[in-house]
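What's in upload_13.cif: mmCIF, C-alpha atoms, pLDDT in the B column; chains and numbers go by the auth columns
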data_model
loop_
_atom_site.group_PDB
_atom_site.id
_atom_site.type_symbol
_atom_site.label_atom_id
_atom_site.label_comp_id
_atom_site.label_asym_id
_atom_site.label_seq_id
_atom_site.Cartn_x
_atom_site.Cartn_y
_atom_site.Cartn_z
_atom_site.B_iso_or_equiv
_atom_site.auth_seq_id
_atom_site.auth_asym_id
ATOM 1 C CA MET A 1 0.000 0.000 0.000 87.00 1 A
ATOM 2 C CA ASN A 2 1.359 3.412 -0.903 92.00 2 A
ATOM 3 C CA LYS A 3 1.825 6.418 1.364 93.00 3 A
ATOM 4 C CA GLN A 4 -0.973 8.490 -0.202 95.00 4 A
ATOM 5 C CA LYS A 5 -3.543 5.743 0.254 96.00 5 A
ATOM 6 C CA ARG A 6 -2.627 5.272 3.917 96.00 6 A
ATOM 7 C CA HIS A 7 -2.905 9.010 4.479 97.00 7 A
ATOM 8 C CA GLU A 8 -6.372 9.111 2.920 97.00 8 A
ATOM 9 C CA ILE A 9 -7.522 6.140 5.037 97.00 9 A
ATOM 10 C CA PHE A 10 -6.640 7.871 8.291 98.00 10 A
ATOM 11 C CA THR A 11 -7.906 11.224 7.028 98.00 11 A
ATOM 12 C CA ARG A 12 -11.341 9.644 6.556 97.00 12 A
ATOM 13 C CA LEU A 13 -11.278 7.807 9.894 97.00 13 A
ATOM 14 C CA HIS A 14 -10.347 11.087 11.594 97.00 14 A
ATOM 15 C CA ALA A 15 -13.081 13.023 9.783 97.00 15 A
ATOM 16 C CA GLU A 16 -15.715 10.495 10.853 96.00 16 A
ATOM 17 C CA ASN A 17 -14.557 10.429 14.491 96.00 17 A
ATOM 18 C CA PRO A 18 -12.272 13.381 15.371 96.00 18 A
ATOM 19 C CA ASN A 19 -11.900 12.463 19.062 94.00 19 A
ATOM 20 C CA PRO A 20 -11.966 8.670 19.377 94.00 20 A
ATOM 21 C CA LYS A 21 -12.095 7.170 22.862 93.00 21 A
ATOM 22 C CA THR A 22 -11.747 3.733 24.388 93.00 22 A
ATOM 23 C CA GLU A 23 -15.054 2.045 25.195 94.00 23 A
ATOM 24 C CA LEU A 24 -13.711 0.990 28.589 96.00 24 A
ATOM 25 C CA GLU A 25 -15.132 3.209 31.344 97.00 25 A
ATOM 26 C CA TYR A 26 -12.599 4.855 33.660 97.00 26 A
ATOM 27 C CA SER A 27 -11.945 8.116 35.481 97.00 27 A
ATOM 28 C CA SER A 28 -8.251 7.796 36.396 97.00 28 A
ATOM 29 C CA PRO A 29 -5.091 6.113 35.069 97.00 29 A
ATOM 30 C CA PHE A 30 -5.467 3.502 37.821 98.00 30 A
ATOM 31 C CA GLU A 31 -9.050 2.672 36.836 98.00 31 A
ATOM 32 C CA LEU A 32 -7.943 2.393 33.206 98.00 32 A
ATOM 33 C CA LEU A 33 -5.062 0.089 34.128 98.00 33 A
ATOM 34 C CA ILE A 34 -7.388 -2.232 36.057 98.00 34 A
ATOM 35 C CA ALA A 35 -10.041 -2.161 33.313 97.00 35 A
ATOM 36 C CA VAL A 36 -7.493 -3.047 30.624 96.00 36 A
ATOM 37 C CA LEU A 37 -5.980 -5.769 32.804 96.00 37 A
ATOM 38 C CA LEU A 38 -9.467 -7.261 33.214 96.00 38 A
ATOM 39 C CA SER A 39 -10.279 -6.948 29.502 93.00 39 A
ATOM 40 C CA ALA A 40 -7.849 -9.619 28.254 88.00 40 A
ATOM 41 C CA GLN A 41 -9.908 -12.193 26.301 87.00 41 A
ATOM 42 C CA ALA A 42 -13.090 -10.422 27.447 91.00 42 A
ATOM 43 C CA THR A 43 -15.339 -7.779 25.943 92.00 43 A
ATOM 44 C CA ASP A 44 -15.303 -4.141 27.011 94.00 44 A
ATOM 45 C CA VAL A 45 -19.033 -4.485 27.709 95.00 45 A
ATOM 46 C CA SER A 46 -18.459 -7.281 30.242 96.00 46 A
ATOM 47 C CA VAL A 47 -15.613 -5.372 31.906 97.00 47 A
ATOM 48 C CA ASN A 48 -17.694 -2.184 32.185 97.00 48 A
ATOM 49 C CA LYS A 49 -20.541 -4.114 33.845 97.00 49 A
ATOM 50 C CA ALA A 50 -18.120 -5.382 36.481 97.00 50 A
ATOM 51 C CA THR A 51 -16.225 -2.136 37.070 97.00 51 A
ATOM 52 C CA ARG A 52 -19.459 -0.157 37.445 97.00 52 A
ATOM 53 C CA LYS A 53 -19.937 -2.151 40.661 97.00 53 A
ATOM 54 C CA LEU A 54 -16.264 -2.382 41.637 98.00 54 A
ATOM 55 C CA PHE A 55 -14.989 1.186 41.181 98.00 55 A
ATOM 56 C CA PRO A 56 -17.590 2.937 43.393 98.00 56 A
ATOM 57 C CA VAL A 57 -16.437 0.604 46.197 97.00 57 A
ATOM 58 C CA ALA A 58 -12.727 0.350 45.391 97.00 58 A
ATOM 59 C CA ASN A 59 -10.871 2.468 42.834 97.00 59 A
ATOM 60 C CA THR A 60 -7.445 2.871 44.435 98.00 60 A
ATOM 61 C CA PRO A 61 -4.636 0.334 44.910 98.00 61 A
ATOM 62 C CA GLU A 62 -5.205 0.408 48.677 98.00 62 A
ATOM 63 C CA ALA A 63 -8.964 -0.145 48.422 98.00 63 A
ATOM 64 C CA ILE A 64 -8.709 -3.034 45.977 98.00 64 A
ATOM 65 C CA LEU A 65 -5.867 -4.616 47.976 98.00 65 A
ATOM 66 C CA ALA A 66 -8.102 -4.434 51.052 97.00 66 A
ATOM 67 C CA LEU A 67 -10.742 -6.496 49.246 97.00 67 A
ATOM 68 C CA GLY A 68 -8.294 -9.375 48.881 97.00 68 A
ATOM 69 C CA VAL A 69 -8.382 -11.943 46.095 97.00 69 A
ATOM 70 C CA ASP A 70 -11.675 -13.524 47.199 97.00 70 A
ATOM 71 C CA GLY A 71 -13.361 -10.174 47.772 97.00 71 A
ATOM 72 C CA LEU A 72 -12.290 -8.931 44.340 98.00 72 A
ATOM 73 C CA LYS A 73 -13.542 -12.115 42.664 97.00 73 A
ATOM 74 C CA GLU A 74 -17.081 -11.315 43.794 96.00 74 A
ATOM 75 C CA TYR A 75 -17.001 -8.188 41.616 97.00 75 A
ATOM 76 C CA ILE A 76 -15.299 -9.675 38.547 97.00 76 A
ATOM 77 C CA LYS A 77 -16.584 -13.268 38.463 95.00 77 A
ATOM 78 C CA THR A 78 -18.676 -12.530 35.358 95.00 78 A
ATOM 79 C CA ILE A 79 -15.471 -11.824 33.382 96.00 79 A
ATOM 80 C CA GLY A 80 -13.488 -14.579 31.679 89.00 80 A
ATOM 81 C CA LEU A 81 -10.339 -15.807 33.478 92.00 81 A
ATOM 82 C CA PHE A 82 -11.472 -13.976 36.623 94.00 82 A
ATOM 83 C CA ASN A 83 -9.459 -16.203 38.988 95.00 83 A
ATOM 84 C CA SER A 84 -6.065 -15.371 37.515 96.00 84 A
ATOM 85 C CA LYS A 85 -7.106 -11.762 36.883 97.00 85 A
ATOM 86 C CA ALA A 86 -8.059 -11.325 40.547 97.00 86 A
ATOM 87 C CA GLU A 87 -4.691 -12.633 41.691 97.00 87 A
ATOM 88 C CA ASN A 88 -2.775 -10.457 39.210 97.00 88 A
ATOM 89 C CA THR A 89 -4.807 -7.369 40.115 97.00 89 A
ATOM 90 C CA ILE A 90 -4.099 -7.792 43.836 98.00 90 A
ATOM 91 C CA LYS A 91 -0.377 -8.315 43.133 98.00 91 A
ATOM 92 C CA THR A 92 -0.339 -5.267 40.862 98.00 92 A
ATOM 93 C CA CYS A 93 -2.000 -3.121 43.530 98.00 93 A
ATOM 94 C CA ARG A 94 0.572 -4.227 46.078 98.00 94 A
ATOM 95 C CA MET A 95 3.429 -3.366 43.712 98.00 95 A
ATOM 96 C CA LEU A 96 1.940 0.036 42.914 98.00 96 A
ATOM 97 C CA ILE A 97 1.764 0.834 46.621 98.00 97 A
ATOM 98 C CA GLU A 98 5.219 -0.494 47.488 97.00 98 A
ATOM 99 C CA LEU A 99 7.179 0.646 44.434 97.00 99 A
ATOM 100 C CA HIS A 100 5.296 3.591 42.923 98.00 100 A
ATOM 101 C CA ASN A 101 3.567 5.410 45.827 97.00 101 A
ATOM 102 C CA SER A 102 0.219 4.142 44.488 97.00 102 A
ATOM 103 C CA VAL A 103 0.719 6.025 41.211 97.00 103 A
ATOM 104 C CA VAL A 104 0.470 4.288 37.838 98.00 104 A
ATOM 105 C CA PRO A 105 3.878 4.631 36.136 97.00 105 A
ATOM 106 C CA ASP A 106 4.008 6.343 32.753 96.00 106 A
ATOM 107 C CA ASN A 107 6.777 4.235 31.235 95.00 107 A
ATOM 108 C CA ARG A 108 6.682 0.864 29.503 95.00 108 A
ATOM 109 C CA GLU A 109 9.316 -0.923 31.583 96.00 109 A
ATOM 110 C CA ALA A 110 7.591 -0.215 34.895 97.00 110 A
ATOM 111 C CA LEU A 111 4.144 -1.044 33.501 97.00 111 A
ATOM 112 C CA GLU A 112 5.243 -4.360 31.998 97.00 112 A
ATOM 113 C CA ALA A 113 6.791 -5.343 35.336 97.00 113 A
ATOM 114 C CA LEU A 114 3.301 -5.363 36.886 97.00 114 A
ATOM 115 C CA PRO A 115 1.638 -8.814 37.130 96.00 115 A
ATOM 116 C CA GLY A 116 -0.838 -9.412 34.308 93.00 116 A
ATOM 117 C CA VAL A 117 0.352 -6.380 32.354 95.00 117 A
ATOM 118 C CA GLY A 118 1.843 -7.308 28.991 93.00 118 A
ATOM 119 C CA ARG A 119 2.936 -5.174 26.082 93.00 119 A
ATOM 120 C CA LYS A 120 -0.586 -4.610 24.769 93.00 120 A
ATOM 121 C CA THR A 121 -1.950 -3.478 28.146 95.00 121 A
ATOM 122 C CA ALA A 122 1.042 -1.194 28.666 96.00 122 A
ATOM 123 C CA ASN A 123 0.494 0.332 25.218 95.00 123 A
ATOM 124 C CA VAL A 124 -3.164 1.061 25.971 95.00 124 A
ATOM 125 C CA VAL A 125 -2.303 2.787 29.249 97.00 125 A
ATOM 126 C CA LEU A 126 0.566 4.770 27.731 97.00 126 A
ATOM 127 C CA ASN A 127 -1.581 5.903 24.808 95.00 127 A
ATOM 128 C CA THR A 128 -4.933 6.477 26.506 95.00 128 A
ATOM 129 C CA ALA A 129 -3.991 7.648 29.998 96.00 129 A
ATOM 130 C CA PHE A 130 -0.718 9.425 29.242 97.00 130 A
ATOM 131 C CA ARG A 131 -1.248 10.366 25.570 95.00 131 A
ATOM 132 C CA GLN A 132 2.010 8.840 24.434 96.00 132 A
ATOM 133 C CA ILE A 133 2.392 7.391 20.949 95.00 133 A
ATOM 134 C CA ALA A 134 1.886 3.652 21.353 93.00 134 A
ATOM 135 C CA MET A 135 0.112 1.019 19.281 94.00 135 A
ATOM 136 C CA ALA A 136 -1.777 -1.642 21.232 92.00 136 A
ATOM 137 C CA VAL A 137 -2.355 -4.375 18.654 94.00 137 A
ATOM 138 C CA ASP A 138 -5.327 -6.538 19.608 91.00 138 A
ATOM 139 C CA THR A 139 -7.233 -8.937 17.346 92.00 139 A
ATOM 140 C CA HIS A 140 -9.144 -6.056 15.723 94.00 140 A
ATOM 141 C CA ILE A 141 -6.043 -4.045 14.857 96.00 141 A
ATOM 142 C CA PHE A 142 -4.153 -7.153 13.739 96.00 142 A
ATOM 143 C CA ARG A 143 -7.035 -7.949 11.379 96.00 143 A
ATOM 144 C CA PHE A 144 -7.273 -4.340 10.179 96.00 144 A
ATOM 145 C CA GLY A 145 -3.544 -4.130 9.448 96.00 145 A
ATOM 146 C CA ASN A 146 -3.494 -7.374 7.496 96.00 146 A
ATOM 147 C CA ARG A 147 -6.854 -7.203 5.748 96.00 147 A
ATOM 148 C CA THR A 148 -6.568 -3.628 4.477 96.00 148 A
ATOM 149 C CA LYS A 149 -2.810 -4.056 3.837 96.00 149 A
ATOM 150 C CA VAL A 150 -2.113 -0.868 5.811 96.00 150 A
ATOM 151 C CA ALA A 151 0.372 -2.836 7.923 96.00 151 A
ATOM 152 C CA PRO A 152 0.488 -6.556 7.148 96.00 152 A
ATOM 153 C CA GLY A 153 2.462 -8.750 9.529 96.00 153 A
ATOM 154 C CA LYS A 154 2.763 -12.349 10.701 96.00 154 A
ATOM 155 C CA ASN A 155 2.397 -11.466 14.402 96.00 155 A
ATOM 156 C CA VAL A 156 1.213 -8.611 16.602 94.00 156 A
ATOM 157 C CA LEU A 157 4.686 -7.164 17.155 95.00 157 A
ATOM 158 C CA GLU A 158 5.342 -7.008 13.412 97.00 158 A
ATOM 159 C CA VAL A 159 2.022 -5.245 12.826 97.00 159 A
ATOM 160 C CA GLU A 160 2.737 -2.860 15.725 96.00 160 A
ATOM 161 C CA GLU A 161 6.150 -1.933 14.326 97.00 161 A
ATOM 162 C CA LYS A 162 4.766 -1.401 10.819 97.00 162 A
ATOM 163 C CA LEU A 163 1.918 0.767 12.073 97.00 163 A
ATOM 164 C CA LEU A 164 4.330 2.965 14.019 96.00 164 A
ATOM 165 C CA LYS A 165 6.400 3.274 10.844 96.00 165 A
ATOM 166 C CA PHE A 166 3.635 3.712 8.253 96.00 166 A
ATOM 167 C CA VAL A 167 0.751 5.574 9.929 96.00 167 A
ATOM 168 C CA PRO A 168 1.142 9.288 9.080 96.00 168 A
ATOM 169 C CA LYS A 169 2.575 11.157 12.058 95.00 169 A
ATOM 170 C CA GLU A 170 -0.388 13.488 12.523 96.00 170 A
ATOM 171 C CA PHE A 171 -2.658 10.463 13.083 97.00 171 A
ATOM 172 C CA LEU A 172 -0.376 8.294 15.237 95.00 172 A
ATOM 173 C CA LEU A 173 -1.754 9.355 18.611 95.00 173 A
ATOM 174 C CA ASP A 174 -5.347 8.280 17.896 95.00 174 A
ATOM 175 C CA ALA A 175 -4.837 5.601 15.216 96.00 175 A
ATOM 176 C CA HIS A 176 -5.110 2.801 17.782 93.00 176 A
ATOM 177 C CA HIS A 177 -8.686 3.821 18.682 95.00 177 A
ATOM 178 C CA TRP A 178 -9.845 4.276 15.088 96.00 178 A
ATOM 179 C CA MET A 179 -8.610 0.834 14.071 97.00 179 A
ATOM 180 C CA ILE A 180 -10.129 -0.922 17.083 94.00 180 A
ATOM 181 C CA LEU A 181 -13.531 0.668 16.514 95.00 181 A
ATOM 182 C CA HIS A 182 -13.378 -0.022 12.780 97.00 182 A
ATOM 183 C CA GLY A 183 -12.457 -3.656 13.413 95.00 183 A
ATOM 184 C CA ARG A 184 -15.096 -4.056 16.097 93.00 184 A
ATOM 185 C CA TYR A 185 -18.040 -2.648 14.141 94.00 185 A
ATOM 186 C CA ILE A 186 -17.226 -2.602 10.410 96.00 186 A
ATOM 187 C CA CYS A 187 -14.251 -4.778 9.513 96.00 187 A
ATOM 188 C CA VAL A 188 -15.550 -7.669 11.595 95.00 188 A
ATOM 189 C CA ALA A 189 -13.917 -11.080 11.562 92.00 189 A
ATOM 190 C CA ARG A 190 -16.330 -13.375 9.713 90.00 190 A
ATOM 191 C CA LYS A 191 -18.032 -11.109 7.206 92.00 191 A
ATOM 192 C CA PRO A 192 -16.723 -7.547 7.016 94.00 192 A
ATOM 193 C CA LYS A 193 -19.377 -4.905 6.345 95.00 193 A
ATOM 194 C CA CYS A 194 -17.694 -3.564 3.221 95.00 194 A
ATOM 195 C CA ASP A 195 -20.883 -1.828 2.030 93.00 195 A
ATOM 196 C CA ALA A 196 -20.841 0.334 5.157 94.00 196 A
ATOM 197 C CA CYS A 197 -17.091 0.989 5.110 96.00 197 A
ATOM 198 C CA ILE A 198 -15.842 4.544 4.516 96.00 198 A
ATOM 199 C CA ILE A 199 -12.462 3.261 3.286 96.00 199 A
ATOM 200 C CA GLU A 200 -13.794 0.425 1.106 96.00 200 A
ATOM 201 C CA ASP A 201 -12.381 1.942 -2.095 95.00 201 A
ATOM 202 C CA LEU A 202 -8.926 2.300 -0.510 96.00 202 A
ATOM 203 C CA CYS A 203 -8.775 -1.059 1.255 96.00 203 A
ATOM 204 C CA GLU A 204 -6.767 -3.731 -0.583 94.00 204 A
ATOM 205 C CA PHE A 205 -8.757 -6.706 0.742 94.00 205 A
ATOM 206 C CA LYS A 206 -9.542 -8.824 -2.313 91.00 206 A
ATOM 207 C CA GLU A 207 -12.600 -10.693 -1.028 88.00 207 A
ATOM 208 C CA LYS A 208 -14.885 -7.740 -0.337 86.00 208 A
ATOM 209 C CA THR A 209 -18.412 -8.565 0.750 83.00 209 A
ATOM 210 C CA SER A 210 -21.728 -7.033 -0.194 76.00 210 A
ATOM 211 C CA THR A 211 -25.198 -7.390 1.281 64.00 211 A
#
Please express what this file holds, its structure, as structure tokens.
Amino acid sequence: MNKQKRHEIFTRLHAENPNPKTELEYSSPFELLIAVLLSAQATDVSVNKATRKLFPVANTPEAILALGVDGLKEYIKTIGLFNSKAENTIKTCRMLIELHNSVVPDNREALEALPGVGRKTANVVLNTAFRQIAMAVDTHIFRFGNRTKVAPGKNVLEVEEKLLKFVPKEFLLDAHHWMILHGRYICVARKPKCDACIIEDLCEFKEKTST
């Protein structure tokens, strides 16, 4: 895909949604960190349902740590992998208190050292909470990069590196949100909604669908 086509793709995505936001509900970097940690292999909808009950009761490292693993499980048991997520969340809260004065760090190395926080989670927090350029490649973005040919790659890291290289600089900060939303609602996995796609004429996917 050439440079001009990529630029037009992100120009259109920006025009349609000038201020894209994550669909996870949060009101602080800590709440975002916990929501993203809980969202692995789960939907944002399911995480929001759980955190709407959890955060009014406990939305600081100290408050969640005080719940303990079993207490936390009661709030997140509707989310997939809740047992391991509860344990990781409690460990993360303890580390935030002991190592970071209960403040979410704004650098990748410190974030990835937290239990349950991998590269993708760190990228979301860096980009969304701290407005740093970072590309959190989930299944939607991986599909978008490969299907459109904006940034094809064999694995998530390859797609991440290509996106950081090829997405025009003026769109880098918000590109992650546009691609997730596009993959979630338009460029869906089984049958992409090409008829409803604002970049259909620019996309290089050969097996376009029509209703």
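Residues with any atom within 12 Å of Ala134 of chain A, counting all atoms listed in the file and excluding same-chain neighbours fewer than 6 positions away, are Asp106, Asn107, Arg108, Arg119, Lys120, Thr121, Ala122, Asn123, Val124, Val125, Leu126, Asn127, Thr128, Leu157, Glu160, Glu161, Leu163, Leu164, Lys165, Val167, Lys169, Phe171, Leu172, Leu173, Asp174, Ala175, His176 and His177 of chain A.
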Quick one: which residues end up in the PyMOL selection byres ((chain A and resi 72) around 10) for this structure, as a PDB file with C-alpha atoms, in the coordinates of the input?
ATOM      1  CA  LEU A  54     -16.264  -2.382  41.637  1.00 98.00           C
ATOM      2  CA  ALA A  58     -12.727   0.350  45.391  1.00 97.00           C
ATOM      3  CA  ILE A  64      -8.709  -3.034  45.977  1.00 98.00           C
ATOM      4  CA  LEU A  65      -5.867  -4.616  47.976  1.00 98.00           C
ATOM      5  CA  ALA A  66      -8.102  -4.434  51.052  1.00 97.00           C
ATOM      6  CA  LEU A  67     -10.742  -6.496  49.246  1.00 97.00           C
ATOM      7  CA  GLY A  68      -8.294  -9.375  48.881  1.00 97.00           C
ATOM      8  CA  VAL A  69      -8.382 -11.943  46.095  1.00 97.00           C
ATOM      9  CA  ASP A  70     -11.675 -13.524  47.199  1.00 97.00           C
ATOM     10  CA  GLY A  71     -13.361 -10.174  47.772  1.00 97.00           C
ATOM     11  CA  LYS A  73     -13.542 -12.115  42.664  1.00 97.00           C
ATOM     12  CA  GLU A  74     -17.081 -11.315  43.794  1.00 96.00           C
ATOM     13  CA  TYR A  75     -17.001  -8.188  41.616  1.00 97.00           C
ATOM     14  CA  ILE A  76     -15.299  -9.675  38.547  1.00 97.00           C
ATOM     15  CA  LYS A  77     -16.584 -13.268  38.463  1.00 95.00           C
ATOM     16  CA  PHE A  82     -11.472 -13.976  36.623  1.00 94.00           C
ATOM     17  CA  ASN A  83      -9.459 -16.203  38.988  1.00 95.00           C
ATOM     18  CA  LYS A  85      -7.106 -11.762  36.883  1.00 97.00           C
ATOM     19  CA  ALA A  86      -8.059 -11.325  40.547  1.00 97.00           C
ATOM     20  CA  GLU A  87      -4.691 -12.633  41.691  1.00 97.00           C
ATOM     21  CA  THR A  89      -4.807  -7.369  40.115  1.00 97.00           C
ATOM     22  CA  ILE A  90      -4.099  -7.792  43.836  1.00 98.00           C
TER      23      ILE A  90
END
Task: Residue with smallest distance to Met1 of chain A - pool A:Glu204, A:Glu170, A:Glu23, A:Glu16, counting only C-alpha atoms - done: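 The closest residue to Met1 of chain A is A:Glu204.
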- [ ] Counting all atoms listed in the file, figure out which residue out of A:Phe55, A:Phe130, A:Phe30, A:Phe144 gets nearest to Cys203 of chain A.
- [x] A:Phe144
Open item on the list: Please determine, counting all atoms listed in the file, which residue among A:Lys149, A:His100, A:Arg143, A:Lys154 has the shortest atom-to-atom distance to Ile9 of chain A.
Closed with: A:Lys149
In the coordinates of the file, take the point (-10.2, -4.5, 24.8) and a cut-off of 9 Å; then, counting all atoms listed in the file, name each qualifying protein, DNA or RNA residue as a CSV table (one decimal) with C-alpha atoms, keeping the file's coordinate frame.
chain,number,residue,atom,x,y,z
A,22,THR,CA,-11.7,3.7,24.4
A,23,GLU,CA,-15.1,2.0,25.2
A,24,LEU,CA,-13.7,1.0,28.6
A,35,ALA,CA,-10.0,-2.2,33.3
A,36,VAL,CA,-7.5,-3.0,30.6
A,38,LEU,CA,-9.5,-7.3,33.2
A,39,SER,CA,-10.3,-6.9,29.5
A,40,ALA,CA,-7.8,-9.6,28.3
A,41,GLN,CA,-9.9,-12.2,26.3
A,42,ALA,CA,-13.1,-10.4,27.4
A,43,THR,CA,-15.3,-7.8,25.9
A,44,ASP,CA,-15.3,-4.1,27.0
A,47,VAL,CA,-15.6,-5.4,31.9
A,121,THR,CA,-2.0,-3.5,28.1
A,138,ASP,CA,-5.3,-6.5,19.6
A,180,ILE,CA,-10.1,-0.9,17.1
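The space between atom CA of Ile97 of chain A and atom CA of Tyr26 of chain A spans 19.8 Å.
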Open item on the list: Quick check on the file I pasted: which residues fall under the PyMOL selection byres ((chain A and resi 200) around 12)? Write them as a ChimeraX atom specification.
Closed with: /A:5,8-9,12-13,147-148,182,186-187,192-199,201-210
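Separating atom CA of Thr78 of chain A from atom CA of Ala50 of chain A is a distance of 7.3 Å.
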Task: Which residue of A:Gly116, A:Leu181, A:Val57, A:Gln132 approaches Ser84 of chain A most closely, using only C-alpha atoms - done: A:Gly116
